[in-house]
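J.: Pasting structure.cif below, which is mmCIF, C-alpha atoms and all ligand atoms.
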data_start
#
loop_
_atom_site.label_atom_id
_atom_site.label_comp_id
_atom_site.auth_asym_id
_atom_site.auth_seq_id
_atom_site.Cartn_x
_atom_site.Cartn_y
_atom_site.Cartn_z
CA MET K 1 99.05 32.00 -40.15
CA ASP K 2 98.06 34.01 -43.26
CA LYS K 3 98.33 37.75 -42.91
CA ILE K 4 95.34 39.85 -43.91
CA SER K 5 96.11 43.43 -44.84
CA ILE K 6 93.38 45.92 -44.03
CA ASN K 7 93.68 49.21 -45.88
CA GLN K 8 90.47 50.73 -44.64
CA LYS K 9 90.81 53.82 -42.45
CA ILE K 10 89.84 53.08 -38.86
CA LEU K 11 87.42 55.79 -37.94
CA SER K 12 88.09 57.64 -34.73
CA LYS K 13 85.24 58.16 -32.27
CA ASN K 14 85.04 61.79 -33.40
CA ASP K 15 84.76 60.73 -37.07
CA MET K 16 81.88 58.39 -36.17
CA ASP K 17 80.12 61.07 -34.10
CA ALA K 18 80.60 63.54 -36.98
CA ALA K 19 79.19 61.06 -39.51
CA ASN K 20 76.08 60.66 -37.31
CA LEU K 21 75.70 64.42 -37.08
CA ARG K 22 76.11 64.81 -40.86
CA GLU K 23 73.34 62.25 -41.40
CA ARG K 24 71.13 64.08 -38.89
CA PHE K 25 71.72 67.46 -40.55
CA ALA K 26 70.92 65.87 -43.95
CA ARG K 27 67.67 64.38 -42.62
CA ASN K 28 66.63 67.71 -41.11
CA GLY K 29 67.72 69.85 -44.07
CA THR K 30 70.08 71.86 -41.84
CA PHE K 31 72.96 73.64 -43.57
CA ALA K 32 75.86 73.50 -41.08
CA VAL K 33 78.90 75.77 -41.17
CA ASN K 34 82.04 75.43 -39.05
CA ILE K 35 83.70 78.85 -38.86
CA MET K 36 87.35 79.03 -37.90
CA SER K 37 90.08 81.68 -37.55
CA SER K 38 92.62 83.19 -35.19
CA PRO K 39 91.14 84.92 -32.13
CA GLY K 40 89.94 88.39 -33.07
CA SER K 41 89.63 87.99 -36.87
CA GLY K 42 85.93 88.84 -36.61
CA LYS K 43 84.01 85.54 -36.50
CA THR K 44 81.44 86.76 -33.98
CA SER K 45 81.24 90.18 -35.67
CA LEU K 46 80.42 88.52 -39.00
CA LEU K 47 77.65 86.51 -37.31
CA GLU K 48 76.29 89.57 -35.49
CA LYS K 49 76.08 91.49 -38.77
CA THR K 50 74.50 88.78 -40.93
CA LEU K 51 72.46 86.30 -38.89
CA GLY K 52 69.80 88.77 -37.68
CA ARG K 53 68.82 89.33 -41.33
CA LEU K 54 68.81 85.62 -42.13
CA ALA K 55 66.80 84.85 -38.98
CA GLU K 56 63.92 86.96 -40.36
CA LYS K 57 63.38 84.27 -43.01
CA TYR K 58 65.09 81.13 -41.73
CA ARG K 59 65.49 79.14 -38.52
CA VAL K 60 69.03 79.95 -37.43
CA ALA K 61 71.14 79.10 -34.37
CA VAL K 62 74.76 79.32 -33.26
CA ILE K 63 76.97 77.13 -31.09
CA GLU K 64 79.84 79.17 -29.71
CA GLY K 65 83.17 77.65 -28.67
CA ASP K 66 85.61 79.44 -26.37
CA LEU K 67 88.01 78.46 -23.62
CA GLN K 68 86.11 80.66 -21.13
CA THR K 69 83.16 83.11 -20.91
CA ASP K 70 79.67 83.35 -22.41
CA ASN K 71 80.50 86.67 -24.10
CA ASP K 72 80.00 85.50 -27.69
CA LYS K 73 76.74 83.69 -26.90
CA GLU K 74 75.44 86.92 -25.38
CA ARG K 75 76.53 88.95 -28.43
CA ILE K 76 74.68 86.57 -30.77
CA GLU K 77 71.54 86.61 -28.60
CA LYS K 78 71.61 90.42 -28.64
CA ALA K 79 71.53 90.19 -32.43
CA GLY K 80 68.24 88.26 -32.09
CA VAL K 81 69.56 84.78 -32.78
CA LYS K 82 69.40 81.64 -30.64
CA ALA K 83 72.80 80.60 -29.25
CA CYS K 84 74.51 78.35 -26.74
CA GLN K 85 78.06 78.34 -25.45
CA ILE K 86 80.61 75.57 -25.08
CA GLN K 87 83.38 76.48 -22.65
CA THR K 88 86.20 74.09 -23.43
CA GLY K 89 88.28 74.87 -20.32
CA GLY K 90 91.66 74.46 -21.95
CA ALA K 91 90.86 72.60 -25.16
CA CYS K 92 91.79 74.38 -28.39
CA HIS K 93 89.05 72.86 -30.59
CA LEU K 94 85.46 71.54 -30.53
CA GLU K 95 84.49 67.89 -31.03
CA ALA K 96 81.40 66.39 -32.65
CA ALA K 97 80.06 64.84 -29.40
CA GLU K 98 79.98 68.30 -27.80
CA ILE K 99 77.93 69.65 -30.70
CA GLU K 100 75.49 66.73 -30.47
CA LYS K 101 75.02 67.33 -26.72
CA ARG K 102 74.10 71.02 -27.28
CA LEU K 103 71.58 70.50 -30.10
CA PRO K 104 68.54 70.16 -27.75
CA LEU K 105 69.36 73.61 -26.28
CA ILE K 106 68.85 75.35 -29.64
CA ASP K 107 66.05 73.30 -31.25
CA GLY K 108 68.81 71.62 -33.20
CA ASP K 109 66.52 69.31 -35.20
CA SER K 110 64.45 72.18 -36.61
CA LEU K 111 67.10 74.46 -38.06
CA ASP K 112 67.73 75.75 -41.57
CA LEU K 113 71.16 77.08 -40.65
CA LEU K 114 73.50 76.00 -37.85
CA ILE K 115 76.69 77.96 -37.34
CA ILE K 116 79.46 76.56 -35.16
CA GLU K 117 81.99 79.22 -34.15
CA ASN K 118 85.06 77.17 -33.33
CA VAL K 119 87.75 78.02 -30.77
CA GLY K 120 90.05 80.74 -32.11
CA ASN K 121 93.25 79.37 -33.59
CA LEU K 122 94.45 78.25 -37.01
CA VAL K 123 95.70 74.79 -35.95
CA CYS K 124 93.64 72.34 -33.83
CA PRO K 125 90.09 72.98 -35.19
CA SER K 126 91.23 71.91 -38.67
CA GLU K 127 91.71 68.33 -37.40
CA TYR K 128 88.16 67.70 -36.11
CA ASP K 129 85.16 66.97 -38.30
CA LEU K 130 81.94 68.35 -36.78
CA GLY K 131 79.52 67.01 -39.40
CA GLN K 132 79.46 70.40 -41.13
CA ASP K 133 78.62 70.98 -44.79
CA VAL K 134 81.17 73.72 -45.14
CA ASN K 135 84.30 74.88 -43.36
CA MET K 136 84.74 78.65 -43.49
CA VAL K 137 88.08 80.24 -42.60
CA LEU K 138 88.37 83.93 -41.77
CA LEU K 139 91.53 86.01 -41.95
CA SER K 140 91.71 89.70 -41.11
CA VAL K 141 94.02 92.13 -42.87
CA THR K 142 96.12 92.73 -39.76
CA GLU K 143 97.31 89.11 -39.69
CA GLY K 144 99.60 88.99 -42.76
CA GLU K 145 98.93 87.58 -46.22
CA ASP K 146 101.28 84.64 -45.63
CA LYS K 147 99.00 82.89 -43.13
CA PRO K 148 97.51 80.41 -45.66
CA LEU K 149 101.08 79.25 -46.37
CA LYS K 150 101.99 79.02 -42.67
CA TYR K 151 98.80 77.18 -41.67
CA PRO K 152 98.14 75.08 -44.78
CA THR K 153 96.03 72.39 -43.11
CA MET K 154 93.46 74.96 -42.00
CA PHE K 155 93.20 76.39 -45.51
CA PHE K 156 93.26 72.95 -47.14
CA VAL K 157 90.23 71.74 -45.15
CA SER K 158 88.31 74.97 -45.75
CA ASP K 159 85.83 75.55 -48.57
CA VAL K 160 85.36 79.29 -48.18
CA PHE K 161 87.92 82.01 -47.43
CA VAL K 162 86.64 85.25 -45.93
CA LEU K 163 88.98 88.22 -45.71
CA ASN K 164 87.71 90.61 -43.02
CA LYS K 165 88.51 94.17 -41.89
CA THR K 166 89.05 95.51 -45.42
CA ASP K 167 88.31 98.97 -43.95
CA LEU K 168 91.81 98.76 -42.43
CA LEU K 169 93.60 98.04 -45.74
CA PRO K 170 94.75 101.68 -46.20
CA TYR K 171 96.55 101.53 -42.86
CA VAL K 172 98.35 98.18 -43.00
CA ASP K 173 100.88 96.52 -45.32
CA PHE K 174 98.64 93.73 -46.50
CA ASP K 175 98.25 92.54 -50.11
CA ALA K 176 94.68 91.18 -50.39
CA ASP K 177 95.27 89.69 -53.87
CA LYS K 178 98.36 87.89 -52.59
CA ALA K 179 96.43 86.53 -49.57
CA GLU K 180 93.78 85.06 -51.89
CA GLU K 181 96.46 83.71 -54.25
CA ASN K 182 98.18 82.05 -51.27
CA ALA K 183 94.87 80.51 -50.12
CA ARG K 184 94.14 79.19 -53.61
CA SER K 185 97.65 77.74 -53.90
CA ILE K 186 96.74 75.54 -50.91
CA LYS K 187 93.13 74.90 -51.95
CA PRO K 188 92.45 75.53 -55.64
CA GLY K 189 88.90 76.61 -56.40
CA MET K 190 88.22 77.88 -52.88
CA GLU K 191 85.37 80.41 -52.78
CA HIS K 192 86.35 83.80 -51.36
CA PHE K 193 84.78 86.96 -50.01
CA ARG K 194 86.18 90.30 -48.93
CA ILE K 195 84.21 91.93 -46.14
CA SER K 196 84.25 94.64 -43.54
CA CYS K 197 82.03 94.17 -40.52
CA ARG K 198 82.65 97.84 -39.81
CA THR K 199 81.55 99.37 -43.14
CA GLY K 200 79.29 96.51 -44.28
CA GLU K 201 81.32 95.85 -47.45
CA GLY K 202 80.64 92.34 -48.78
CA LEU K 203 77.97 91.46 -46.20
CA ASP K 204 75.11 91.44 -48.74
CA GLU K 205 77.11 88.99 -50.85
CA ILE K 206 77.79 86.72 -47.89
CA CYS K 207 74.11 86.78 -46.84
CA ALA K 208 73.13 85.85 -50.42
CA TRP K 209 75.64 82.96 -50.33
CA PHE K 210 74.18 81.67 -47.00
CA GLU K 211 70.68 81.89 -48.45
CA LYS K 212 71.64 79.99 -51.61
CA LYS K 213 73.25 77.23 -49.53
CA ILE K 214 70.28 77.02 -47.12
CA LEU K 215 67.85 76.63 -50.02
CA SER K 216 69.88 74.00 -51.83
CA LYS K 217 70.27 71.96 -48.61
CA LYS K 218 66.51 72.10 -48.01
CA LYS K 219 65.91 70.80 -51.54
CA CYS K 220 68.12 67.77 -50.87
CA SER K 221 66.47 66.78 -47.57
N1 LIG D 1 88.07 97.73 -38.08
C1 LIG D 1 87.39 96.59 -38.01
N2 LIG D 1 87.30 95.93 -36.83
C2 LIG D 1 86.60 94.77 -36.81
C3 LIG D 1 85.97 94.23 -37.95
N3 LIG D 1 85.38 93.05 -37.62
C4 LIG D 1 85.61 92.88 -36.31
N4 LIG D 1 86.33 93.90 -35.81
C5 LIG D 1 86.79 94.06 -34.42
O1 LIG D 1 87.73 93.02 -34.13
C6 LIG D 1 87.63 92.60 -32.77
C7 LIG D 1 87.45 91.10 -32.68
O2 LIG D 1 86.20 90.73 -33.28
P1 LIG D 1 85.41 89.41 -32.88
O3 LIG D 1 84.20 89.39 -33.73
O4 LIG D 1 85.24 89.32 -31.41
O5 LIG D 1 86.44 88.29 -33.38
P2 LIG D 1 86.47 86.70 -33.10
O6 LIG D 1 87.38 86.48 -31.94
O7 LIG D 1 87.03 86.10 -34.37
O8 LIG D 1 85.07 86.27 -32.85
C8 LIG D 1 86.47 93.38 -32.18
O9 LIG D 1 86.99 94.49 -31.47
C9 LIG D 1 85.69 93.85 -33.40
O10 LIG D 1 84.98 95.05 -33.18
C10 LIG D 1 86.09 94.96 -39.19
O11 LIG D 1 85.59 94.56 -40.25
N5 LIG D 1 86.82 96.11 -39.14
MG MG D 2 84.21 85.14 -31.25
#
Re-express the file's structure as structure tokens.

T.:
Amino acid sequence: MDKISINQKILSKNDMDAANLRERFARNGTFAVNIMSSPGSGKTSLLEKTLGRLAEKYRVAVIEGDLQTDNDKERIEKAGVKACQIQTGGACHLEAAEIEKRLPLIDGDSLDLLIIENVGNLVCPSEYDLGQDVNMVLLSVTEGEDKPLKYPTMFFVSDVFVLNKTDLLPYVDFDADKAEENARSIKPGMEHFRISCRTGEGLDEICAWFEKKILSKKKCS
């Protein structure tokens, strides 16, 4: 019998679910961001400080992922933004089917901006496509500038690198230029921001970036 070689990638169920979500976000003109980092880098803080402002002009919602608790959902709602929580139990990442299931809870087909805050760690979330337009990775200055080199897959799949807690730079041995150089050595051309959710440094710039992305996604839909 003749052998047929098939070189096409066999899509996993998650890849297929993510492709469906991506199509849905494109149809609806929703700009979708998957935000990832170690626990405590400041993902929820960044959302608390920026999304209230964006929600004055745009339809914004957040899907929160954590092993346990609704704490982050409640923090986002207090900031005036619609949110729902996925409690993964023990799982260290979110999957596309879980996102799809939650969309009806947040008017998911009428959004300009959807933020998915992934489960905190620099490993598993990098492996799962959620249909997002952009992967954003956060690192805070207490974590060490070598993290992009130690967790290259996370930085390789990310489009934007956000360095948070710059207010703490005077108190820690952390070289911000080196951290960005390390990130770019893994992913050349990666966009980057330096922010402090405590002082507000860099938050205007990040809001302007969100706005630019929202508007260009709307134009394409
Ligand atoms: N000093 C300082 N602390 C921050 C900053 N951003 C967040 N934090 C603190 O870091 C801790 C973890 O923040 P959180 O937003 O819950 O991180 P997440 O686990 O990535 O969502 C909280 O105690 C925040 O108040 C910052 O820019 N500067
Ligand atoms: Mg959080």

J.: Give me, as an NGL selection string, all polymer residues having an atom no more than 12 Å from Phe31 (chain K), counting all atoms listed in the file and skipping those fewer than 6 positions away in the same chain.

T.: :K and (21-25 or 58-62 or 108-116 or 131-135 or 209-221)

J.: Considering only C-alpha atoms and all ligand atoms, give me a table of residues in chain K that are at most 12 Å from ligand MG 2 (chain D), with the closest atom pair and distance in Å for each, as a Markdown table.

T.:
| residue | atom | partner | partner_atom | distance |
| --- | --- | --- | --- | --- |
| K:Ile35 | CA | D:MG2 | MG | 9.9 |
| K:Met36 | CA | D:MG2 | MG | 9.6 |
| K:Ser37 | CA | D:MG2 | MG | 9.3 |
| K:Ser38 | CA | D:MG2 | MG | 9.5 |
| K:Pro39 | CA | D:MG2 | MG | 7.0 |
| K:Gly40 | CA | D:MG2 | MG | 6.8 |
| K:Ser41 | CA | D:MG2 | MG | 8.3 |
| K:Gly42 | CA | D:MG2 | MG | 6.7 |
| K:Lys43 | CA | D:MG2 | MG | 5.3 |
| K:Thr44 | CA | D:MG2 | MG | 4.2 |
| K:Ser45 | CA | D:MG2 | MG | 7.3 |
| K:Leu46 | CA | D:MG2 | MG | 9.3 |
| K:Leu47 | CA | D:MG2 | MG | 9.0 |
| K:Glu48 | CA | D:MG2 | MG | 10.0 |
| K:Val62 | CA | D:MG2 | MG | 11.3 |
| K:Ile63 | CA | D:MG2 | MG | 10.8 |
| K:Glu64 | CA | D:MG2 | MG | 7.6 |
| K:Gly65 | CA | D:MG2 | MG | 8.0 |
| K:Asp66 | CA | D:MG2 | MG | 7.6 |
| K:Leu67 | CA | D:MG2 | MG | 10.8 |
| K:Gln68 | CA | D:MG2 | MG | 11.2 |
| K:Thr69 | CA | D:MG2 | MG | 10.6 |
| K:Asp70 | CA | D:MG2 | MG | 10.1 |
| K:Asn71 | CA | D:MG2 | MG | 8.2 |
| K:Asp72 | CA | D:MG2 | MG | 5.5 |
| K:Lys73 | CA | D:MG2 | MG | 8.8 |
| K:Glu74 | CA | D:MG2 | MG | 10.7 |
| K:Arg75 | CA | D:MG2 | MG | 9.0 |
| K:Ile76 | CA | D:MG2 | MG | 9.6 |
| K:Gln85 | CA | D:MG2 | MG | 10.8 |
| K:Ile86 | CA | D:MG2 | MG | 11.9 |
| K:Ile116 | CA | D:MG2 | MG | 10.6 |
| K:Glu117 | CA | D:MG2 | MG | 7.0 |
| K:Asn118 | CA | D:MG2 | MG | 8.3 |
| K:Val119 | CA | D:MG2 | MG | 8.0 |
| K:Gly120 | CA | D:MG2 | MG | 7.4 |
| K:Asn121 | CA | D:MG2 | MG | 11.0 |
| K:Leu138 | CA | D:MG2 | MG | 11.4 |

J.: Using 4 Å of padding on each side, determine the axis-aligned box around all atoms of ligand LIG 1 (chain D) present in the file and give its centre and edge lengths in Å to one decimal, as JSON.

T.:
{"center_x": 86.1, "center_y": 91.9, "center_z": -35.8, "size_x": 11.9, "size_y": 19.6, "size_z": 16.8}

J.: Can you work out which one of K:Ser140, K:Asn182, K:Ser126, K:Thr153 has the shortest atom-to-atom distance to ligand LIG 1 (chain D), counting all atoms listed in the file?

T.: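 The shortest atom-to-atom distance to ligand LIG 1 (chain D) comes from K:Ser140.
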
J.: With only C-alpha atoms as the atoms that count, which of K:Leu163, K:Leu51, K:Leu94, K:Val33 lies nearest to Ala176 (chain K)?

T.: K:Leu163

J.: Rank K:Ala91, K:Met190, K:Leu139, K:Leu11 by their smallest atom-to-atom distance to ligand LIG 1 (chain D), using only C-alpha atoms and all ligand atoms, and report the top residue only.

T.: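 Between K:Ala91, K:Met190, K:Leu139, K:Leu11, the residue approaching ligand LIG 1 (chain D) most closely is K:Leu139.
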
J.: Counting only C-alpha atoms, what is within 12 Å of Ala183 (chain K), bar same-chain residues fewer than 6 positions away, as an NGL selection string?

T.: :K and (137-139 or 145-163 or 176-177 or 189-193)

J.: Quick one: region 59-72 of chain K with N, CA and C atoms, as a PDB file, keeping the file's coordinate frame?

T.:
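In the end it all went to out_4.pdb:
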ATOM      1  N   ARG K  59      65.255  79.551 -39.908  1.00  0.00           N
ATOM      2  CA  ARG K  59      65.490  79.140 -38.520  1.00  0.00           C
ATOM      3  C   ARG K  59      67.000  78.964 -38.343  1.00  0.00           C
ATOM      4  N   VAL K  60      67.571  79.851 -37.521  1.00  0.00           N
ATOM      5  CA  VAL K  60      69.030  79.950 -37.430  1.00  0.00           C
ATOM      6  C   VAL K  60      69.466  79.807 -35.971  1.00  0.00           C
ATOM      7  N   ALA K  61      70.579  79.136 -35.726  1.00  0.00           N
ATOM      8  CA  ALA K  61      71.140  79.100 -34.370  1.00  0.00           C
ATOM      9  C   ALA K  61      72.652  78.964 -34.444  1.00  0.00           C
ATOM     10  N   VAL K  62      73.293  79.322 -33.320  1.00  0.00           N
ATOM     11  CA  VAL K  62      74.760  79.320 -33.260  1.00  0.00           C
ATOM     12  C   VAL K  62      75.219  78.535 -32.035  1.00  0.00           C
ATOM     13  N   ILE K  63      76.253  77.723 -32.227  1.00  0.00           N
ATOM     14  CA  ILE K  63      76.970  77.130 -31.090  1.00  0.00           C
ATOM     15  C   ILE K  63      78.336  77.815 -31.040  1.00  0.00           C
ATOM     16  N   GLU K  64      78.598  78.420 -29.893  1.00  0.00           N
ATOM     17  CA  GLU K  64      79.840  79.170 -29.710  1.00  0.00           C
ATOM     18  C   GLU K  64      80.855  78.326 -28.958  1.00  0.00           C
ATOM     19  N   GLY K  65      82.111  78.359 -29.384  1.00  0.00           N
ATOM     20  CA  GLY K  65      83.170  77.650 -28.670  1.00  0.00           C
ATOM     21  C   GLY K  65      84.254  78.610 -28.221  1.00  0.00           C
ATOM     22  N   ASP K  66      84.522  78.616 -26.922  1.00  0.00           N
ATOM     23  CA  ASP K  66      85.610  79.440 -26.370  1.00  0.00           C
ATOM     24  C   ASP K  66      86.206  78.703 -25.185  1.00  0.00           C
ATOM     25  N   LEU K  67      87.413  79.069 -24.811  1.00  0.00           N
ATOM     26  CA  LEU K  67      88.010  78.460 -23.620  1.00  0.00           C
ATOM     27  C   LEU K  67      87.222  78.859 -22.367  1.00  0.00           C
ATOM     28  N   GLN K  68      86.845  80.128 -22.286  1.00  0.00           N
ATOM     29  CA  GLN K  68      86.110  80.660 -21.130  1.00  0.00           C
ATOM     30  C   GLN K  68      85.124  81.712 -21.603  1.00  0.00           C
ATOM     31  N   THR K  69      84.176  82.039 -20.770  1.00  0.00           N
ATOM     32  CA  THR K  69      83.160  83.110 -20.910  1.00  0.00           C
ATOM     33  C   THR K  69      81.994  82.744 -21.827  1.00  0.00           C
ATOM     34  N   ASP K  70      80.874  83.462 -21.573  1.00  0.00           N
ATOM     35  CA  ASP K  70      79.670  83.350 -22.410  1.00  0.00           C
ATOM     36  C   ASP K  70      79.537  84.584 -23.293  1.00  0.00           C
ATOM     37  N   ASN K  71      80.599  85.370 -23.407  1.00  0.00           N
ATOM     38  CA  ASN K  71      80.500  86.670 -24.100  1.00  0.00           C
ATOM     39  C   ASN K  71      79.927  86.548 -25.509  1.00  0.00           C
ATOM     40  N   ASP K  72      80.421  85.574 -26.278  1.00  0.00           N
ATOM     41  CA  ASP K  72      80.000  85.500 -27.690  1.00  0.00           C
ATOM     42  C   ASP K  72      78.551  85.045 -27.804  1.00  0.00           C
TER      43      ASP K  72
END
